[in-house]
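Visitor: Let me give you the structure first, and then I'll get to my questions.
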Amino acid sequence: MTEPKIVDTKPMVTTLEAGAYYWCSCGLSNDQPFCNGAHKGTGLAPVEFEVTESKPIALCLCKQTNNAPFCDGTHSGL
């Protein structure tokens, strides 16, 4: 697998509590936008990120962002 699966063409906006998270970069996880290990064997790996305070965050679901795991608007051109 060289290209990730596009899950949606809009971000998931959610409020996350402080802590470490793993964003699914392959698009195969059943727990989008978070990794569930479905990437095994794809050559793609999850992106670890940390949230320092509770706040709303837009997480990329098109998997094409240049600012993983955060949405950068790339989906609008798909």
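Labels used: A, B, ... for chains in the order of the structure tokens, numbers from 1 for residues in each chain, and numbers from 1 for ligands as shown.
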Quick one: everything within 12 Å of His39 of chain A, counting only C-alpha atoms, minus sequence neighbours fewer than 2 positions away in the same chain. Send it as number ranges by chain.

Guide: A: 1-5, 22-30, 34-37, 41-47

Visitor: For the selection just defined, write its residues with C-alpha atoms to a file, as a PDB file, in the first residue's frame.

Guide:
ATOM      1  CA  MET A   1       0.000   0.000   0.000  1.00  0.00           C
ATOM      2  CA  THR A   2       1.616   3.229  -1.113  1.00  0.00           C
ATOM      3  CA  GLU A   3      -1.309   5.617  -0.800  1.00  0.00           C
ATOM      4  CA  PRO A   4      -3.629   5.863   2.206  1.00  0.00           C
ATOM      5  CA  LYS A   5      -7.356   5.239   1.897  1.00  0.00           C
ATOM      6  CA  TYR A  22      -2.023   7.966  17.565  1.00  0.00           C
ATOM      7  CA  TRP A  23      -3.570   9.212  14.323  1.00  0.00           C
ATOM      8  CA  CYS A  24      -4.301   6.646  11.621  1.00  0.00           C
ATOM      9  CA  SER A  25      -2.294   7.531   8.507  1.00  0.00           C
ATOM     10  CA  CYS A  26      -3.377   4.558   6.360  1.00  0.00           C
ATOM     11  CA  GLY A  27      -7.154   5.069   6.487  1.00  0.00           C
ATOM     12  CA  LEU A  28      -7.850   1.416   7.364  1.00  0.00           C
ATOM     13  CA  SER A  29      -8.608   1.782  11.081  1.00  0.00           C
ATOM     14  CA  ASN A  30     -12.177   1.114  12.202  1.00  0.00           C
ATOM     15  CA  PHE A  34      -7.233   6.991  15.594  1.00  0.00           C
ATOM     16  CA  CYS A  35      -5.009   3.989  14.929  1.00  0.00           C
ATOM     17  CA  ASN A  36      -6.222   0.486  15.766  1.00  0.00           C
ATOM     18  CA  GLY A  37      -3.268  -1.409  14.275  1.00  0.00           C
ATOM     19  CA  GLY A  41       1.832  -4.776   6.539  1.00  0.00           C
ATOM     20  CA  THR A  42       0.941  -1.588   4.657  1.00  0.00           C
ATOM     21  CA  GLY A  43       4.268   0.210   5.026  1.00  0.00           C
ATOM     22  CA  LEU A  44       2.439   3.124   6.649  1.00  0.00           C
ATOM     23  CA  ALA A  45       2.681   4.000  10.327  1.00  0.00           C
ATOM     24  CA  PRO A  46       0.498   5.960  12.752  1.00  0.00           C
ATOM     25  CA  VAL A  47       1.442   9.495  13.736  1.00  0.00           C
TER      26      VAL A  47
END

Visitor: Select from chain A everything DSSP, run on the backbone, classes as strand (DSSP E), then give the selection as a VMD selection string.

Guide: chain A and resid 12 to 16 19 to 23 47 to 51 55 to 59

Visitor: Would you please work out which residue, of A:Ser54, A:Thr14, A:Ser76, A:Asn66, is nearest to Pro33 of chain A when using only C-alpha atoms?

Guide: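 Selected residue with least distance to Pro33 of chain A: A:Thr14.
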
Visitor: Using only C-alpha atoms, can you tell me which of A:Ala38, A:Ala20, A:Ile6, A:Val51 comes closest to Gln64 of chain A?

Guide: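 When distances to Gln64 of chain A are compared using only C-alpha atoms, the smallest one comes from A:Ile6.
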
Visitor: As an exercise, work out the distance from atom CA of Pro56 of chain A to atom CA of Asp31 of chain A in Å and give it to one decimal place.

Guide: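 Answer for the atom CA of Pro56 of chain A to atom CA of Asp31 of chain A separation: 18.3 Å.
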